[in-house]
file input34.cif (mmCIF, C-alpha atoms and all ligand atoms)
data_model
loop_
_atom_site.label_atom_id
_atom_site.label_comp_id
_atom_site.auth_asym_id
_atom_site.auth_seq_id
_atom_site.Cartn_x
_atom_site.Cartn_y
_atom_site.Cartn_z
CA MET A 101 19.92 32.36 5.74
CA SER A 102 21.42 30.27 8.55
CA ASN A 103 21.92 26.54 8.15
CA GLU A 104 19.13 26.02 10.65
CA ASP A 105 16.70 28.02 8.51
CA ARG A 106 17.73 26.09 5.44
CA THR A 107 16.96 22.73 7.04
CA ALA A 108 13.77 23.75 8.86
CA PRO A 109 10.83 21.64 7.64
CA VAL A 110 8.86 23.47 4.99
CA GLU A 111 5.11 23.46 5.51
CA THR A 112 3.63 21.83 2.41
CA LYS A 113 0.47 19.93 1.64
CA ARG A 114 2.56 16.78 1.18
CA VAL A 115 1.71 14.00 3.63
CA THR A 116 4.73 12.80 5.60
CA THR A 117 5.22 10.43 8.51
CA ARG A 118 4.82 13.48 10.72
CA THR A 119 1.39 14.18 9.19
CA ILE A 120 0.38 10.57 9.87
CA ARG A 121 1.50 10.88 13.51
CA GLU A 122 -0.41 14.17 13.89
CA MET A 123 -3.53 12.65 12.33
CA LYS A 124 -3.53 9.86 14.93
CA LYS A 125 -3.24 12.41 17.74
CA ARG A 126 -6.17 14.37 16.33
CA GLY A 127 -8.24 11.25 15.68
CA GLN A 128 -8.27 12.01 11.93
CA LYS A 129 -8.62 8.94 9.71
CA VAL A 130 -6.00 8.14 7.07
CA THR A 131 -6.97 7.02 3.57
CA MET A 132 -4.64 4.72 1.67
CA ILE A 133 -5.24 3.11 -1.72
CA THR A 134 -2.96 1.02 -3.91
CA ALA A 135 -1.63 2.48 -7.16
CA TYR A 136 0.67 1.04 -9.78
CA ASP A 137 0.96 3.67 -12.51
CA PHE A 138 1.14 7.40 -13.24
CA THR A 139 -2.43 8.00 -14.46
CA PHE A 140 -4.23 6.44 -11.52
CA ALA A 141 -1.74 7.86 -9.02
CA ARG A 142 -2.51 11.33 -10.35
CA LEU A 143 -6.26 10.76 -10.04
CA PHE A 144 -5.97 9.38 -6.50
CA ASP A 145 -3.70 12.25 -5.49
CA ASP A 146 -6.19 14.77 -6.92
CA ALA A 147 -9.00 12.99 -5.03
CA GLY A 148 -7.21 13.55 -1.72
CA ALA A 149 -5.92 10.07 -0.78
CA ASP A 150 -3.29 10.48 1.93
CA MET A 151 -1.08 7.53 1.05
CA LEU A 152 -0.57 5.59 -2.20
CA LEU A 153 0.69 2.06 -1.69
CA VAL A 154 2.61 0.45 -4.51
CA GLY A 155 1.55 -2.92 -3.16
CA ASP A 156 3.09 -6.20 -4.19
CA SER A 157 -0.55 -6.97 -5.05
CA LEU A 158 0.65 -5.69 -8.43
CA SER A 159 1.74 -9.31 -8.88
CA ASN A 160 -1.99 -10.21 -8.85
CA VAL A 161 -3.82 -7.28 -10.40
CA ILE A 162 -1.21 -6.04 -12.92
CA GLN A 163 0.77 -9.17 -13.71
CA GLY A 164 -2.03 -11.74 -13.37
CA ASN A 165 -0.19 -14.05 -10.94
CA GLU A 166 -2.06 -16.06 -8.33
CA THR A 167 0.09 -14.86 -5.42
CA THR A 168 2.38 -11.95 -4.55
CA ILE A 169 5.42 -14.25 -4.56
CA PRO A 170 6.66 -13.76 -8.17
CA VAL A 171 6.94 -9.94 -8.39
CA THR A 172 10.56 -8.78 -8.34
CA LEU A 173 12.30 -5.85 -6.68
CA ASP A 174 13.10 -4.32 -10.10
CA GLU A 175 9.43 -4.52 -11.08
CA MET A 176 8.35 -2.89 -7.80
CA ILE A 177 10.90 -0.12 -8.36
CA TYR A 178 9.67 0.47 -11.91
CA HIS A 179 6.03 0.85 -10.81
CA ALA A 180 6.87 2.92 -7.73
CA ARG A 181 8.67 5.40 -9.98
CA LEU A 182 5.52 5.83 -12.08
CA VAL A 183 3.36 6.33 -9.01
CA VAL A 184 5.72 8.89 -7.49
CA ARG A 185 5.50 10.84 -10.75
CA GLY A 186 1.70 10.87 -10.45
CA ALA A 187 1.51 11.81 -6.76
CA ARG A 188 2.27 15.43 -7.55
CA GLU A 189 0.75 17.32 -4.65
CA HIS A 190 -0.44 15.50 -1.62
CA ALA A 191 -0.03 11.78 -1.15
CA MET A 192 2.91 9.99 0.40
CA VAL A 193 4.02 6.98 -1.68
CA ILE A 194 4.89 3.73 0.06
CA CYS A 195 6.54 0.88 -1.82
CA ASP A 196 6.17 -2.75 -0.76
CA MET A 197 9.37 -4.73 -0.39
CA PRO A 198 8.63 -7.90 -2.38
CA PHE A 199 9.13 -11.50 -1.29
CA MET A 200 12.80 -12.43 -0.83
CA SER A 201 14.03 -8.84 -1.02
CA TYR A 202 14.41 -8.74 2.79
CA GLN A 203 13.97 -12.30 4.09
CA VAL A 204 17.57 -13.56 3.64
CA ASN A 205 19.05 -11.19 6.19
CA ALA A 206 18.65 -7.65 7.52
CA GLU A 207 21.70 -6.35 5.62
CA GLU A 208 20.29 -7.42 2.26
CA GLY A 209 16.87 -5.97 3.16
CA PHE A 210 18.51 -2.74 4.25
CA ARG A 211 20.39 -2.43 0.94
CA ASN A 212 17.24 -3.20 -1.06
CA ALA A 213 15.22 -0.62 0.90
CA GLY A 214 17.95 1.87 0.04
CA ARG A 215 17.53 1.02 -3.65
CA ILE A 216 13.77 1.66 -3.41
CA MET A 217 14.28 5.02 -1.74
CA LYS A 218 17.06 6.16 -4.11
CA GLU A 219 15.59 4.87 -7.37
CA THR A 220 11.90 5.68 -6.92
CA GLY A 221 11.50 8.77 -4.77
CA ALA A 222 8.99 6.93 -2.56
CA GLY A 223 8.51 8.22 0.98
CA ALA A 224 8.53 4.85 2.77
CA VAL A 225 8.76 1.09 2.39
CA LYS A 226 6.47 -1.65 3.72
CA VAL A 227 7.51 -5.08 5.03
CA GLU A 228 5.46 -8.03 6.26
CA GLY A 229 6.11 -9.50 9.71
CA GLY A 230 6.66 -8.34 13.29
CA GLU A 231 9.38 -9.48 15.69
CA ARG A 232 10.98 -11.40 12.80
CA VAL A 233 11.76 -8.16 10.90
CA ALA A 234 12.26 -5.85 13.91
CA ASN A 235 16.02 -5.70 13.49
CA LEU A 236 15.67 -4.68 9.84
CA VAL A 237 12.97 -2.12 10.71
CA ARG A 238 15.31 -0.62 13.31
CA MET A 239 18.20 -0.39 10.83
CA MET A 240 15.99 1.28 8.23
CA SER A 241 14.38 3.70 10.68
CA GLU A 242 17.74 4.73 12.10
CA ALA A 243 18.98 5.37 8.55
CA GLY A 244 16.01 7.65 7.84
CA ILE A 245 13.91 5.19 5.85
CA PRO A 246 10.29 5.33 7.10
CA VAL A 247 8.82 1.86 7.50
CA MET A 248 5.25 0.59 7.49
CA GLY A 249 4.71 -2.88 8.94
CA HIS A 250 2.10 -5.43 7.87
CA LEU A 251 0.51 -7.98 10.24
CA GLY A 252 -2.40 -10.41 10.24
CA LEU A 253 -2.90 -11.96 6.83
CA THR A 254 0.50 -11.44 5.23
CA PRO A 255 0.18 -12.66 1.63
CA GLN A 256 3.91 -13.37 1.21
CA SER A 257 3.40 -16.23 3.71
CA ILE A 258 0.41 -17.69 1.90
CA HIS A 259 2.12 -21.02 1.26
CA GLN A 260 2.79 -21.34 4.99
CA PHE A 261 -0.77 -20.27 5.99
CA GLY A 262 -2.33 -22.42 3.25
CA THR A 263 -5.44 -20.20 3.22
CA TYR A 264 -6.53 -16.56 2.95
CA ALA A 265 -8.74 -16.99 6.06
CA THR A 266 -8.97 -14.39 8.86
CA ARG A 267 -5.90 -14.32 11.14
CA GLY A 268 -5.76 -13.68 14.88
CA LYS A 269 -8.90 -15.61 15.81
CA SER A 270 -7.16 -17.91 18.27
CA HIS A 271 -5.90 -16.53 21.59
CA ASP A 272 -2.28 -17.36 20.76
CA GLU A 273 -2.35 -15.79 17.31
CA ALA A 274 -4.07 -12.65 18.64
CA GLU A 275 -1.38 -12.31 21.35
CA ARG A 276 1.31 -12.74 18.70
CA ILE A 277 -0.19 -10.00 16.54
CA LYS A 278 -0.35 -7.66 19.56
CA SER A 279 3.27 -8.30 20.51
CA ASP A 280 4.43 -8.04 16.88
CA ALA A 281 2.70 -4.65 16.58
CA LEU A 282 4.53 -3.41 19.67
CA ALA A 283 7.83 -4.79 18.35
CA LEU A 284 7.34 -2.84 15.10
CA GLN A 285 6.55 0.34 17.01
CA GLU A 286 9.61 -0.09 19.26
CA ALA A 287 11.78 -0.73 16.19
CA GLY A 288 10.71 2.62 14.74
CA ALA A 289 7.92 1.79 12.24
CA PHE A 290 5.60 4.76 11.69
CA SER A 291 2.53 2.71 10.85
CA VAL A 292 1.28 -0.85 10.50
CA VAL A 293 -1.23 -2.48 8.15
CA LEU A 294 -3.60 -4.93 9.85
CA GLU A 295 -5.02 -7.28 7.23
CA LYS A 296 -8.04 -9.52 7.77
CA VAL A 297 -8.11 -9.69 11.58
CA PRO A 298 -11.17 -9.44 13.86
CA ALA A 299 -12.33 -5.85 14.42
CA ALA A 300 -12.04 -6.22 18.22
CA LEU A 301 -8.39 -7.27 17.94
CA ALA A 302 -7.65 -4.41 15.52
CA ARG A 303 -9.22 -2.01 18.01
CA GLU A 304 -7.09 -3.34 20.86
CA VAL A 305 -3.92 -3.05 18.77
CA THR A 306 -4.87 0.46 17.61
CA ASP A 307 -5.51 1.62 21.18
CA SER A 308 -2.23 0.14 22.39
CA LEU A 309 -0.03 1.90 19.81
CA ARG A 310 1.29 5.43 19.36
CA ILE A 311 1.73 4.67 15.63
CA SER A 312 -1.14 4.41 13.15
CA THR A 313 -2.88 1.21 12.17
CA ILE A 314 -4.20 0.98 8.62
CA GLY A 315 -6.86 -1.68 8.26
CA ILE A 316 -7.99 -3.88 5.39
CA GLY A 317 -10.70 -6.24 6.55
CA ALA A 318 -9.93 -5.15 10.12
CA GLY A 319 -12.97 -3.07 11.04
CA VAL A 320 -13.65 0.60 11.57
CA HIS A 321 -11.48 1.25 14.64
CA CYS A 322 -8.16 1.33 12.79
CA ASP A 323 -6.57 4.75 12.34
CA GLY A 324 -7.01 4.45 8.58
CA GLN A 325 -8.13 2.12 5.81
CA VAL A 326 -6.55 0.71 2.67
CA LEU A 327 -8.14 -0.96 -0.34
CA VAL A 328 -6.69 -2.39 -3.54
CA MET A 329 -7.72 0.01 -6.33
CA HIS A 330 -8.89 -2.74 -8.70
CA ASP A 331 -11.22 -4.11 -6.01
CA MET A 332 -12.77 -0.82 -4.87
CA LEU A 333 -13.22 0.43 -8.42
CA GLY A 334 -14.96 -2.78 -9.45
CA LEU A 335 -12.30 -3.90 -11.94
CA THR A 336 -11.77 -7.30 -10.32
CA GLU A 337 -15.28 -8.69 -10.59
CA GLU A 338 -14.43 -12.22 -9.51
CA PHE A 339 -13.04 -11.15 -6.10
CA HIS A 340 -15.74 -10.61 -3.46
CA PRO A 341 -14.37 -10.63 0.09
CA ARG A 342 -16.73 -8.92 2.52
CA PHE A 343 -14.27 -6.14 3.36
CA VAL A 344 -14.29 -4.73 -0.19
CA ARG A 345 -16.79 -2.00 -0.93
CA HIS A 346 -17.28 -1.30 -4.63
CA TYR A 347 -17.26 2.48 -5.15
CA ALA A 348 -17.57 2.07 -8.92
CA SER A 349 -18.21 -0.65 -11.49
CA LEU A 350 -15.42 0.15 -13.90
CA ALA A 351 -15.32 -3.34 -15.43
CA VAL A 352 -18.89 -2.82 -16.67
CA THR A 353 -18.08 0.71 -17.90
CA VAL A 354 -14.90 -0.39 -19.69
CA ARG A 355 -16.51 -3.41 -21.35
CA LYS A 356 -19.43 -1.27 -22.52
CA ALA A 357 -17.16 1.50 -23.86
CA VAL A 358 -14.82 -0.87 -25.71
CA GLY A 359 -17.77 -2.88 -27.05
CA GLN A 360 -19.28 0.35 -28.43
CA TYR A 361 -15.92 1.36 -29.94
CA ASP A 362 -15.61 -2.07 -31.55
CA SER A 363 -19.04 -1.85 -33.12
CA ASP A 364 -18.49 1.79 -34.27
CA VAL A 365 -15.19 0.88 -35.96
CA LYS A 366 -16.70 -2.15 -37.66
CA SER A 367 -19.79 -0.25 -38.84
CA GLY A 368 -17.77 2.74 -40.06
CA ALA A 369 -19.44 5.09 -37.52
CA PHE A 370 -16.03 5.97 -36.08
CA PRO A 371 -14.30 8.22 -36.98
CA ASN A 372 -16.78 10.77 -38.36
CA GLU A 373 -15.91 13.92 -40.29
CA GLY A 374 -15.37 16.02 -37.16
CA GLU A 375 -12.93 13.42 -35.88
CA SER A 376 -10.92 13.49 -39.11
CA TYR A 377 -8.42 15.97 -40.65
O1 LIG A 401 0.03 -5.41 -1.65
C1 LIG A 401 -0.95 -4.80 -1.21
O2 LIG A 401 -1.80 -4.28 -1.98
C2 LIG A 401 -1.11 -4.70 0.22
C3 LIG A 401 -2.39 -4.15 0.76
C4 LIG A 401 -3.46 -5.16 0.61
C5 LIG A 401 -2.26 -3.69 2.15
O3 LIG A 401 -0.23 -5.05 0.94
#

call {"tool": "encode", "arguments": {"input": "input34.cif", "output": "structure tokens", "more": "lines below"}}
Ligand code: KIV
result
Amino acid sequence: MSNEDRTAPVETKRVTTRTIREMKKRGQKVTMITAYDFTFARLFDDAGADMLLVGDSLSNVIQGNETTIPVTLDEMIYHARLVVRGAREHAMVICDMPFMSYQVNAEEGFRNAGRIMKETGAGAVKVEGGERVANLVRMMSEAGIPVMGHLGLTPQSIHQFGTYATRGKSHDEAERIKSDALALQEAGAFSVVLEKVPAALAREVTDSLRISTIGIGAGVHCDGQVLVMHDMLGLTEEFHPRFVRHYASLAVTVRKAVGQYDSDVKSGAFPNEGESY
């Protein structure tokens, strides 16, 4: 076998940045969902999700923090490793770079992205920001680290925004989002999340880019969609933004199941003879 044969890309079912590029060309929508552990990653992979995002939303839904600010790089790496183990067949795993793992300077961000790739087996990293992080995105892309951007409502800047309201409603902010999206594309990002921006703006950005837009609260014209698993599965009952569709009511199911277990244990109905040795 020649060296060329040995390095030729092997056709597998695994989604890669190339798959995502091809899907945009064919007008095929991309499905992304967050995942934070092995069991759910395996289920989502089986179900056919294209990308699993180990989002820094784990700070909220796993750790119980109010914002995404506290989660650390080591914690992200730990969870990304579990998700990679679960994504056995199909999905590409993307790991968020948490707050302050890339804001100090591009060199530090570059090194931390390298840690994520080496220690987790993820296929890409995600960073918030546009022009501001373009230099870092370029360094990562040139080193072979696929990068997903994140524009619009960027939760790591929540203390600067002061609100989780829709972004890009003013002319100036919409123009900024458009130019940031182009800056990410030029720097080598393979995709960009658009969070909570008007659908018309998301459409304009999507049409202007060769790379894929993945929307959350950004309307139907994005190249793909992402939802936080706890929201779409109905585990976070107190969170009701209009962009979340509940595909299940797992909080109700779990409470009912555990309530029944509790009463069976207390009444002596569990375990029965067949459940004993
Ligand atoms: O952290 C996260 O879950 C995210 C998605 C909301 C895109 O960044």

call {"tool": "atom_distance", "arguments": {"input": "input34.cif", "atom1": "CA of Val247 in chain A", "atom2": "CA of Thr336 in chain A"}}
result
28.7 Å

call {"tool": "closest_residue", "arguments": {"input": "input34.cif", "among": "A:Pro170, A:Gly155, A:Gly368, A:Gly262", "to": "ligand LIG 401 (chain A)", "atoms": "only C-alpha atoms and all ligand atoms"}}
result
A:Gly155

call {"tool": "residues_around", "arguments": {"input": "input34.cif", "residues": "range 202-204 of chain A", "least_positions_apart": "6", "cutoff": "9 Å", "atoms": "all atoms listed in the file", "output": "number ranges by chain"}}
result
A: 210-213, 227, 233, 236

call {"tool": "write_last_selection", "arguments": {"input": "input34.cif", "atoms": "C-alpha atoms", "output": "CSV table (one decimal), keeping the file's coordinate frame"}}
result
chain,number,residue,atom,x,y,z
A,210,PHE,CA,18.5,-2.7,4.2
A,211,ARG,CA,20.4,-2.4,0.9
A,212,ASN,CA,17.2,-3.2,-1.1
A,213,ALA,CA,15.2,-0.6,0.9
A,227,VAL,CA,7.5,-5.1,5.0
A,233,VAL,CA,11.8,-8.2,10.9
A,236,LEU,CA,15.7,-4.7,9.8

call {"tool": "residues_near_ligand", "arguments": {"input": "input34.cif", "ligand": "ligand LIG 401 (chain A)", "cutoff": "7 Å", "atoms": "all atoms listed in the file", "output": "PyMOL selection string"}}
result
chain A and resi 134+153-158+196+293+295+316+326-328

call {"tool": "write_last_selection", "arguments": {"input": "input34.cif", "atoms": "C-alpha atoms", "output": "PDB file, keeping the file's coordinate frame"}}
result
ATOM      1  CA  THR A 134      -2.960   1.020  -3.910  1.00  0.00           C
ATOM      2  CA  LEU A 153       0.690   2.060  -1.690  1.00  0.00           C
ATOM      3  CA  VAL A 154       2.610   0.450  -4.510  1.00  0.00           C
ATOM      4  CA  GLY A 155       1.550  -2.920  -3.160  1.00  0.00           C
ATOM      5  CA  ASP A 156       3.090  -6.200  -4.190  1.00  0.00           C
ATOM      6  CA  SER A 157      -0.550  -6.970  -5.050  1.00  0.00           C
ATOM      7  CA  LEU A 158       0.650  -5.690  -8.430  1.00  0.00           C
ATOM      8  CA  ASP A 196       6.170  -2.750  -0.760  1.00  0.00           C
ATOM      9  CA  VAL A 293      -1.230  -2.480   8.150  1.00  0.00           C
ATOM     10  CA  GLU A 295      -5.020  -7.280   7.230  1.00  0.00           C
ATOM     11  CA  ILE A 316      -7.990  -3.880   5.390  1.00  0.00           C
ATOM     12  CA  VAL A 326      -6.550   0.710   2.670  1.00  0.00           C
ATOM     13  CA  LEU A 327      -8.140  -0.960  -0.340  1.00  0.00           C
ATOM     14  CA  VAL A 328      -6.690  -2.390  -3.540  1.00  0.00           C
TER      15      VAL A 328
END

call {"tool": "residues_around", "arguments": {"input": "input34.cif", "residues": "Ala318 in chain A", "least_positions_apart": "3", "cutoff": "9 Å", "atoms": "all atoms listed in the file", "output": "short mmCIF file (atom, residue, chain, number, x, y, z; two decimals) with C-alpha atoms, in the coordinates of the input"}}
result
data_model
loop_
_atom_site.label_atom_id
_atom_site.label_comp_id
_atom_site.auth_asym_id
_atom_site.auth_seq_id
_atom_site.Cartn_x
_atom_site.Cartn_y
_atom_site.Cartn_z
CA LEU A 294 -3.60 -4.93 9.85
CA GLU A 295 -5.02 -7.28 7.23
CA LYS A 296 -8.04 -9.52 7.77
CA VAL A 297 -8.11 -9.69 11.58
CA PRO A 298 -11.17 -9.44 13.86
CA ALA A 299 -12.33 -5.85 14.42
CA ALA A 300 -12.04 -6.22 18.22
CA LEU A 301 -8.39 -7.27 17.94
CA ALA A 302 -7.65 -4.41 15.52
CA ARG A 303 -9.22 -2.01 18.01
CA ILE A 314 -4.20 0.98 8.62
CA GLY A 315 -6.86 -1.68 8.26
CA HIS A 321 -11.48 1.25 14.64
CA CYS A 322 -8.16 1.33 12.79
CA GLN A 325 -8.13 2.12 5.81
CA PHE A 343 -14.27 -6.14 3.36
#

call {"tool": "residues_near_point", "arguments": {"input": "input34.cif", "point": "(3.9, 19.5, -6.1)", "cutoff": "12 Å", "atoms": "only C-alpha atoms", "output": "MDAnalysis selection string"}}
result
chainID A and resid 112:115 142 145:146 184:192

call {"tool": "closest_residue", "arguments": {"input": "input34.cif", "among": "A:Met197, A:Gly252, A:Gly127, A:Ala149", "to": "Ser270 in chain A", "atoms": "all atoms listed in the file"}}
result
A:Gly252

call {"tool": "atom_distance", "arguments": {"input": "input34.cif", "atom1": "CA of Ile216 in chain A", "atom2": "CA of Phe290 in chain A"}}
result
17.4 Å

call {"tool": "atom_distance", "arguments": {"input": "input34.cif", "atom1": "CA of Asn235 in chain A", "atom2": "CA of Arg310 in chain A"}}
result
19.4 Å

call {"tool": "closest_residue", "arguments": {"input": "input34.cif", "among": "A:Arg232, A:Arg345, A:Arg126, A:Arg267", "to": "Ser279 in chain A", "atoms": "only C-alpha atoms"}}
result
A:Arg232

call {"tool": "closest_residue", "arguments": {"input": "input34.cif", "among": "A:Ala234, A:Ala222, A:Val320, A:Ile169", "to": "Thr254 in chain A", "atoms": "only C-alpha atoms"}}
result
A:Ile169

call {"tool": "residues_around", "arguments": {"input": "input34.cif", "residues": "range 238-243 of chain A", "least_positions_apart": "6", "cutoff": "10 Å", "atoms": "only C-alpha atoms", "output": "ChimeraX atom specification"}}
result
/A:206-207,209-211,213-214,224-225,283-290

call {"tool": "write_last_selection", "arguments": {"input": "input34.cif", "atoms": "C-alpha atoms", "output": "PDB file, keeping the file's coordinate frame"}}
result
ATOM      1  CA  ALA A 206      18.650  -7.650   7.520  1.00  0.00           C
ATOM      2  CA  GLU A 207      21.700  -6.350   5.620  1.00  0.00           C
ATOM      3  CA  GLY A 209      16.870  -5.970   3.160  1.00  0.00           C
ATOM      4  CA  PHE A 210      18.510  -2.740   4.250  1.00  0.00           C
ATOM      5  CA  ARG A 211      20.390  -2.430   0.940  1.00  0.00           C
ATOM      6  CA  ALA A 213      15.220  -0.620   0.900  1.00  0.00           C
ATOM      7  CA  GLY A 214      17.950   1.870   0.040  1.00  0.00           C
ATOM      8  CA  ALA A 224       8.530   4.850   2.770  1.00  0.00           C
ATOM      9  CA  VAL A 225       8.760   1.090   2.390  1.00  0.00           C
ATOM     10  CA  ALA A 283       7.830  -4.790  18.350  1.00  0.00           C
ATOM     11  CA  LEU A 284       7.340  -2.840  15.100  1.00  0.00           C
ATOM     12  CA  GLN A 285       6.550   0.340  17.010  1.00  0.00           C
ATOM     13  CA  GLU A 286       9.610  -0.090  19.260  1.00  0.00           C
ATOM     14  CA  ALA A 287      11.780  -0.730  16.190  1.00  0.00           C
ATOM     15  CA  GLY A 288      10.710   2.620  14.740  1.00  0.00           C
ATOM     16  CA  ALA A 289       7.920   1.790  12.240  1.00  0.00           C
ATOM     17  CA  PHE A 290       5.600   4.760  11.690  1.00  0.00           C
TER      18      PHE A 290
END

call {"tool": "decode", "arguments": {"input": "input34.cif", "residues": "range 301-315 of chain A", "atoms": "N, CA and C atoms", "output": "CSV table (one decimal), in the first residue's frame"}}
result
chain,number,residue,atom,x,y,z
A,301,LEU,N,-32.5,38.0,10.0
A,301,LEU,CA,-31.0,38.2,10.0
A,301,LEU,C,-30.3,36.9,9.9
A,302,ALA,N,-30.8,35.8,10.5
A,302,ALA,CA,-30.1,34.5,10.4
A,302,ALA,C,-30.2,34.0,9.0
A,303,ARG,N,-31.2,34.3,8.3
A,303,ARG,CA,-31.3,33.9,6.9
A,303,ARG,C,-30.3,34.6,6.0
A,304,GLU,N,-30.2,36.0,6.3
A,304,GLU,CA,-29.2,36.7,5.5
A,304,GLU,C,-27.8,36.2,5.8
A,305,VAL,N,-27.5,35.9,7.0
A,305,VAL,CA,-26.1,35.4,7.4
A,305,VAL,C,-25.9,34.1,6.7
A,306,THR,N,-26.9,33.2,6.8
A,306,THR,CA,-26.8,31.9,6.2
A,306,THR,C,-26.6,31.9,4.7
A,307,ASP,N,-27.3,32.8,4.0
A,307,ASP,CA,-27.2,33.0,2.6
A,307,ASP,C,-25.8,33.5,2.2
A,308,SER,N,-25.2,34.3,3.1
A,308,SER,CA,-24.0,35.0,2.7
A,308,SER,C,-22.7,34.1,3.0
A,309,LEU,N,-22.9,33.0,3.7
A,309,LEU,CA,-21.8,32.2,4.1
A,309,LEU,C,-21.6,30.9,3.3
A,310,ARG,N,-20.4,30.4,3.1
A,310,ARG,CA,-20.2,29.1,2.5
A,310,ARG,C,-20.2,28.0,3.7
A,311,ILE,N,-20.0,28.5,4.9
A,311,ILE,CA,-20.0,27.6,6.0
A,311,ILE,C,-21.4,27.5,6.6
A,312,SER,N,-21.7,26.5,7.4
A,312,SER,CA,-23.0,26.2,7.9
A,312,SER,C,-23.3,27.0,9.2
A,313,THR,N,-24.6,27.5,9.2
A,313,THR,CA,-25.1,28.2,10.4
A,313,THR,C,-26.0,27.2,11.1
A,314,ILE,N,-25.8,27.1,12.5
A,314,ILE,CA,-26.6,26.3,13.3
A,314,ILE,C,-27.4,27.2,14.2
A,315,GLY,N,-28.7,27.2,14.1
A,315,GLY,CA,-29.5,28.1,14.9
A,315,GLY,C,-30.1,27.6,16.2
